[in-house]
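Enquirer: Enclosed is the structure file protein_28.cif (mmCIF, C-alpha atoms and all ligand atoms).
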```
data_my_file
loop_
_atom_site.label_atom_id
_atom_site.label_comp_id
_atom_site.auth_asym_id
_atom_site.auth_seq_id
_atom_site.Cartn_x
_atom_site.Cartn_y
_atom_site.Cartn_z
CA MET S 25 105.78 80.33 94.08
CA ARG S 26 108.58 79.81 96.58
CA PRO S 27 109.37 82.96 98.61
CA VAL S 28 112.31 84.87 97.15
CA THR S 29 114.96 86.54 99.28
CA GLU S 30 116.48 89.92 98.48
CA HIS S 31 119.72 88.22 97.45
CA GLU S 32 117.86 85.83 95.11
CA VAL S 33 115.99 88.75 93.55
CA ARG S 34 119.13 90.80 92.96
CA THR S 35 121.01 87.88 91.39
CA SER S 36 118.12 86.71 89.19
CA PHE S 37 118.14 89.45 86.52
CA ILE S 38 119.09 88.42 83.01
CA ASN S 39 118.61 91.68 81.12
CA CYS S 40 120.25 94.35 83.23
CA SER S 41 123.75 94.90 84.55
CA LYS S 42 124.89 93.66 87.95
CA GLY S 43 125.14 97.29 89.06
CA GLU S 44 121.56 98.02 88.06
CA ALA S 45 120.38 94.84 89.78
CA LYS S 46 122.18 95.89 92.95
CA ARG S 47 120.61 99.36 93.01
CA LEU S 48 117.06 98.67 91.92
CA GLY S 49 114.28 99.29 94.39
CA LEU S 50 112.77 96.17 95.90
CA PRO S 51 109.17 95.95 97.06
CA ARG S 52 109.02 97.24 100.62
CA ASP S 53 106.86 94.31 101.66
CA LEU S 54 109.01 91.61 100.07
CA PRO S 55 108.88 89.13 102.99
CA ASP S 56 105.11 89.58 103.31
CA ARG S 57 104.09 89.01 99.71
CA PRO S 58 101.26 86.45 99.33
CA TRP S 59 103.64 83.83 97.96
CA GLU S 60 101.19 80.94 97.75
CA ASP S 61 98.97 83.03 95.47
CA LEU S 62 101.78 84.23 93.21
CA ASP S 63 102.73 82.78 89.84
CA PHE S 64 105.51 85.34 89.68
CA LEU S 65 106.73 88.30 91.70
CA GLY S 66 106.10 91.60 89.97
CA TRP S 67 106.49 95.16 91.26
CA ARG S 68 107.05 98.78 90.34
CA ASP S 69 110.25 100.37 91.55
CA PRO S 70 109.22 102.44 94.60
CA GLY S 71 111.85 105.06 93.72
CA ALA S 72 111.45 105.07 89.93
CA PRO S 73 107.85 104.73 88.72
CA GLU S 74 108.87 104.14 85.09
CA ARG S 75 110.65 100.95 86.07
CA ALA S 76 109.04 97.62 86.80
CA TYR S 77 110.41 94.17 87.47
CA LEU S 78 109.28 90.62 87.49
CA VAL S 79 110.86 87.50 88.89
CA ALA S 80 109.65 84.02 87.95
CA GLU S 81 110.65 80.58 89.04
CA ARG S 82 111.85 78.40 86.16
CA ASP S 83 113.23 74.90 86.59
CA GLY S 84 113.95 75.54 90.25
CA SER S 85 115.84 78.80 89.81
CA PHE S 86 114.71 82.41 89.59
CA VAL S 87 114.69 84.49 86.43
CA GLY S 88 114.27 88.25 86.73
CA ILE S 89 113.42 90.76 84.02
CA ALA S 90 113.78 94.53 84.24
CA LEU S 91 111.05 96.46 82.42
CA ARG S 92 110.47 100.04 81.31
CA VAL S 93 106.96 101.31 81.66
CA THR S 94 105.82 103.21 78.59
CA SER S 95 102.90 105.38 79.48
CA GLY S 96 100.00 104.24 77.40
CA ALA S 97 97.60 106.48 79.26
CA SER S 98 96.12 108.37 76.32
CA ARG S 99 95.05 105.16 74.68
CA ALA S 100 94.12 103.25 77.80
CA PHE S 101 92.16 106.13 79.26
CA THR S 102 89.19 105.79 76.98
CA SER S 103 89.41 102.19 75.95
CA ARG S 104 89.76 98.90 77.67
CA SER S 105 93.07 97.15 77.50
CA MET S 106 93.95 93.58 78.20
CA CYS S 107 96.99 92.26 80.00
CA SER S 108 98.85 89.83 77.76
CA LEU S 109 99.79 87.58 80.68
CA CYS S 110 96.63 87.12 82.76
CA LEU S 111 94.16 88.44 80.14
CA THR S 112 92.49 90.71 82.70
CA THR S 113 90.73 93.64 81.07
CA HIS S 114 91.32 97.04 82.63
CA THR S 115 90.23 100.61 82.06
CA SER S 116 91.99 103.92 82.76
CA GLY S 117 95.60 102.94 82.64
CA GLY S 118 95.32 99.62 84.43
CA VAL S 119 97.37 98.14 81.62
CA ALA S 120 100.64 99.62 80.37
CA LEU S 121 103.05 98.76 77.61
CA MET S 122 106.24 97.53 79.23
CA THR S 123 109.43 96.85 77.35
CA ALA S 124 112.26 94.55 78.32
CA ARG S 125 115.75 94.83 76.90
CA ARG S 126 116.80 91.58 75.31
CA THR S 127 119.76 89.68 76.64
CA GLY S 128 123.12 89.43 74.89
CA GLU S 129 124.07 91.10 71.61
CA ALA S 130 120.48 91.95 70.66
CA GLY S 131 120.10 93.91 73.89
CA ARG S 132 123.37 95.73 73.38
CA GLN S 133 122.03 96.86 70.01
CA GLY S 134 118.98 98.27 71.74
CA ASN S 135 116.54 95.48 70.95
CA THR S 136 113.54 95.25 73.25
CA VAL S 137 110.43 93.13 73.61
CA GLY S 138 107.18 94.85 74.53
CA GLN S 139 104.12 93.45 76.26
CA TYR S 140 100.93 94.95 77.62
CA LEU S 141 100.88 94.07 81.31
CA CYS S 142 98.80 94.88 84.37
CA THR S 143 100.30 98.18 85.56
CA ASP S 144 100.71 96.86 89.11
CA LEU S 145 101.90 93.43 87.91
CA ASP S 146 99.40 91.75 90.21
CA CYS S 147 98.25 89.29 87.53
CA SER S 148 98.34 86.38 89.99
CA LEU S 149 95.89 88.16 92.29
CA TYR S 150 93.50 89.21 89.50
CA LEU S 151 93.21 85.73 88.08
CA ARG S 152 92.52 84.30 91.54
CA GLY S 153 89.87 86.92 92.27
CA LYS S 154 91.97 88.28 95.17
CA LYS S 155 92.09 91.69 93.56
CA GLU S 156 89.53 93.31 91.30
CA ALA S 157 90.26 95.45 88.29
CA PRO S 158 88.31 98.70 88.78
CA GLY S 159 85.76 99.23 86.08
CA ALA S 160 86.40 95.92 84.42
CA GLY S 161 83.41 93.93 83.34
CA ILE S 162 83.15 90.37 84.48
CA VAL S 163 84.50 88.17 81.77
CA ASP S 164 82.62 84.94 81.81
CA GLU S 165 85.29 82.35 81.48
CA SER S 166 84.75 78.71 82.11
CA LEU S 167 88.33 78.16 83.16
CA THR S 168 89.29 77.15 86.68
CA VAL S 169 91.79 79.21 88.65
CA GLU S 170 94.38 76.47 88.06
CA GLU S 171 93.81 76.68 84.30
CA LYS S 172 94.06 80.49 84.35
CA ALA S 173 97.26 80.28 86.38
CA ALA S 174 98.72 77.72 83.98
CA ARG S 175 97.82 79.92 81.01
CA THR S 176 99.42 82.95 82.66
CA ARG S 177 102.60 81.01 83.39
CA ALA S 178 102.69 79.78 79.77
CA ASN S 179 102.30 83.37 78.52
CA LEU S 180 105.04 84.47 80.89
CA ASP S 181 107.32 81.65 79.72
CA SER S 182 107.00 82.71 76.11
CA PHE S 183 107.68 86.33 77.09
CA LEU S 184 110.82 85.27 78.99
CA ASP S 185 111.91 83.18 76.00
CA LYS S 186 111.56 86.18 73.71
CA VAL S 187 113.68 88.30 76.04
CA ALA S 188 116.33 85.63 76.44
CA ASN S 189 116.49 84.09 72.97
CA GLY S 190 114.89 86.55 70.62
ZN ZN S 201 97.95 90.83 84.20
#
```
Can you dump the structure from the file as structure tokens?
Ligand SMILES: [Zn+2]
Expert:
Amino acid sequence: MRPVTEHEVRTSFINCSKGEAKRLGLPRDLPDRPWEDLDFLGWRDPGAPERAYLVAERDGSFVGIALRVTSGASRAFTSRSMCSLCLTTHTSGGVALMTARRTGEAGRQGNTVGQYLCTDLDCSLYLRGKKEAPGAGIVDESLTVEEKAARTRANLDSFLDKVANG
């Protein structure tokens, strides 16, 4: 994806208030992220571990989503869990249930959308083999990296649609 500036990140959020977007913790290494290997920018708030964010490029502009991390540790600890975006299988809490408040009236009524996601939101790196999921078995998939990236972006698009349109 195209590198995102701090200003672009803070103005991209569709499901949190302007005040929240202004205060949220950005990744400390924002300018040095491996942009050419990223399908989206995802990170955990350095100052608030239960918060996570992702920013994706859609039709030339950036769309950001604020997420709450629900600890799924008791379940994930003994079993394998799969990320719903990149389909990487993790053990021991490598996947967490994250919920996004919906936009508009639905969000004001407390409506959220939940997805199981890689806890570190490094889906782009897992699917490219740039990062390995500890303890994960090798899933023999006959897809190319491009196909995996396209599938991940399609999964992300449908997630963003659910947050934005219900
Ligand atoms: Zn993932």
Enquirer: Residues within 8 Å of Ser105 of chain S, please, as a PyMOL selection string. Count only C-alpha atoms; anything in the same chain fewer than 4 positions from it doesn't count.
Expert: chain S and resi 100+113-115+118-119
Enquirer: Go through S:Leu109, S:Ala174, S:Ala120, S:Leu167 one by one, measure the shortest atom-to-atom distance of each to ligand ZN 201 (chain S) using all atoms listed in the file, and give the residue with the smallest value.
Expert: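 The shortest atom-to-atom distance to ligand ZN 201 (chain S) comes from S:Leu109.
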Enquirer: Pick out the closest residue to Glu165 of chain S from this set: S:Leu48, S:Val93, S:Val33, S:Leu111. Count all atoms listed in the file.
Expert: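 Of S:Leu48, S:Val93, S:Val33, S:Leu111, the one nearest Glu165 of chain S, counting all atoms listed in the file, is S:Leu111.
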Enquirer: List all protein, DNA and RNA residues that have any atom at most 8 Å from ligand ZN 201 (chain S), counting all atoms listed in the file, and write the list as a list in words.
Expert: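 Residues lying within 8 Å of ligand ZN 201 (chain S): Met106, Cys107, Ser108, Leu109, Cys110, Leu111, Thr112, Val119, Leu141, Cys142, Thr143, Leu145, Asp146, Cys147, Ser148, Tyr150 and Leu151 of chain S.
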Enquirer: Between S:Ala157, S:Met122, S:Leu54, S:Ala188, which residue has the minimum interatomic distance to Tyr140 of chain S, considering only C-alpha atoms?
Expert: S:Met122
Enquirer: Quick one: everything within 10 Å of Pro51 of chain S, counting all atoms listed in the file, minus sequence neighbours fewer than 4 positions away in the same chain. Send it as a ChimeraX atom specification.
Expert: /S:30,55-57,65-70,77
Enquirer: Ranking S:Val169, S:Asn135, S:Thr127, S:Glu156 by minimum distance to Ile38 of chain S and counting all atoms listed in the file, which one comes first?
Expert: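 Looking at the shortest contact to Ile38 of chain S, the residue is S:Thr127.
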Enquirer: Given the choices S:Arg92, S:Arg52, S:Arg82, S:Lys46, which gets closest to His31 of chain S if the distance is worked out from all atoms listed in the file?
Expert: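 Using all atoms listed in the file, His31 of chain S sits closest to S:Lys46.
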Enquirer: Using only C-alpha atoms, which residue out of S:Asn179, S:Ser85, S:Gln139, S:Thr123 lies closest to Val28 of chain S?
Expert: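 Residue with the minimum atom-to-atom distance to Val28 of chain S: S:Ser85.
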Enquirer: Interatomic distance between atom CA of Val187 of chain S and atom CA of Lys155 of chain S?
Expert: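 Between these atoms lies a distance of 28.0 Å.
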Enquirer: Please write out, as lines of an AutoDock Vina configuration file, where the centre of an axis-aligned box around all listed atoms of segment 38-48 of chain S lies and how long its edges are, in Å to one decimal, after adding 4 Å on each side.
Expert:
```
center_x = 121.1
center_y = 93.9
center_z = 87.1
size_x = 16.1
size_y = 18.9
size_z = 19.9
```
Enquirer: Within 9 Å of (117.2, 82.4, 87.4) in the file's own coordinates, which protein, DNA or RNA residues have an atom, counting only C-alpha atoms? List them as a list in words.
Expert: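 Residues found, by chain and rising number: Glu32, Val33, Thr35, Ser36, Phe37, Ile38, Val79, Ala80, Glu81, Arg82, Asp83, Gly84, Ser85, Phe86, Val87 and Gly88 of chain S.
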Enquirer: Can I get the selected residues back with C-alpha atoms, as a PDB file, in the frame of the given file?
Expert:
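Below you can see again32.pdb, which holds the result:
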```
ATOM      1  CA  GLU S  32     117.860  85.830  95.110  1.00  0.00           C
ATOM      2  CA  VAL S  33     115.990  88.750  93.550  1.00  0.00           C
ATOM      3  CA  THR S  35     121.010  87.880  91.390  1.00  0.00           C
ATOM      4  CA  SER S  36     118.120  86.710  89.190  1.00  0.00           C
ATOM      5  CA  PHE S  37     118.140  89.450  86.520  1.00  0.00           C
ATOM      6  CA  ILE S  38     119.090  88.420  83.010  1.00  0.00           C
ATOM      7  CA  VAL S  79     110.860  87.500  88.890  1.00  0.00           C
ATOM      8  CA  ALA S  80     109.650  84.020  87.950  1.00  0.00           C
ATOM      9  CA  GLU S  81     110.650  80.580  89.040  1.00  0.00           C
ATOM     10  CA  ARG S  82     111.850  78.400  86.160  1.00  0.00           C
ATOM     11  CA  ASP S  83     113.230  74.900  86.590  1.00  0.00           C
ATOM     12  CA  GLY S  84     113.950  75.540  90.250  1.00  0.00           C
ATOM     13  CA  SER S  85     115.840  78.800  89.810  1.00  0.00           C
ATOM     14  CA  PHE S  86     114.710  82.410  89.590  1.00  0.00           C
ATOM     15  CA  VAL S  87     114.690  84.490  86.430  1.00  0.00           C
ATOM     16  CA  GLY S  88     114.270  88.250  86.730  1.00  0.00           C
TER      17      GLY S  88
END
```
Enquirer: Between atom CA of Gly134 of chain S and atom CA of Thr176 of chain S, what is the distance in Å, rounded to a tenth?
Expert: 27.1 Å
Enquirer: For a test of reading the model, state the distance in Å between atom CA of Thr94 of chain S and atom CA of Gly131 of chain S, rounded to one decimal.
Expert: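 The value is 17.7 Å.
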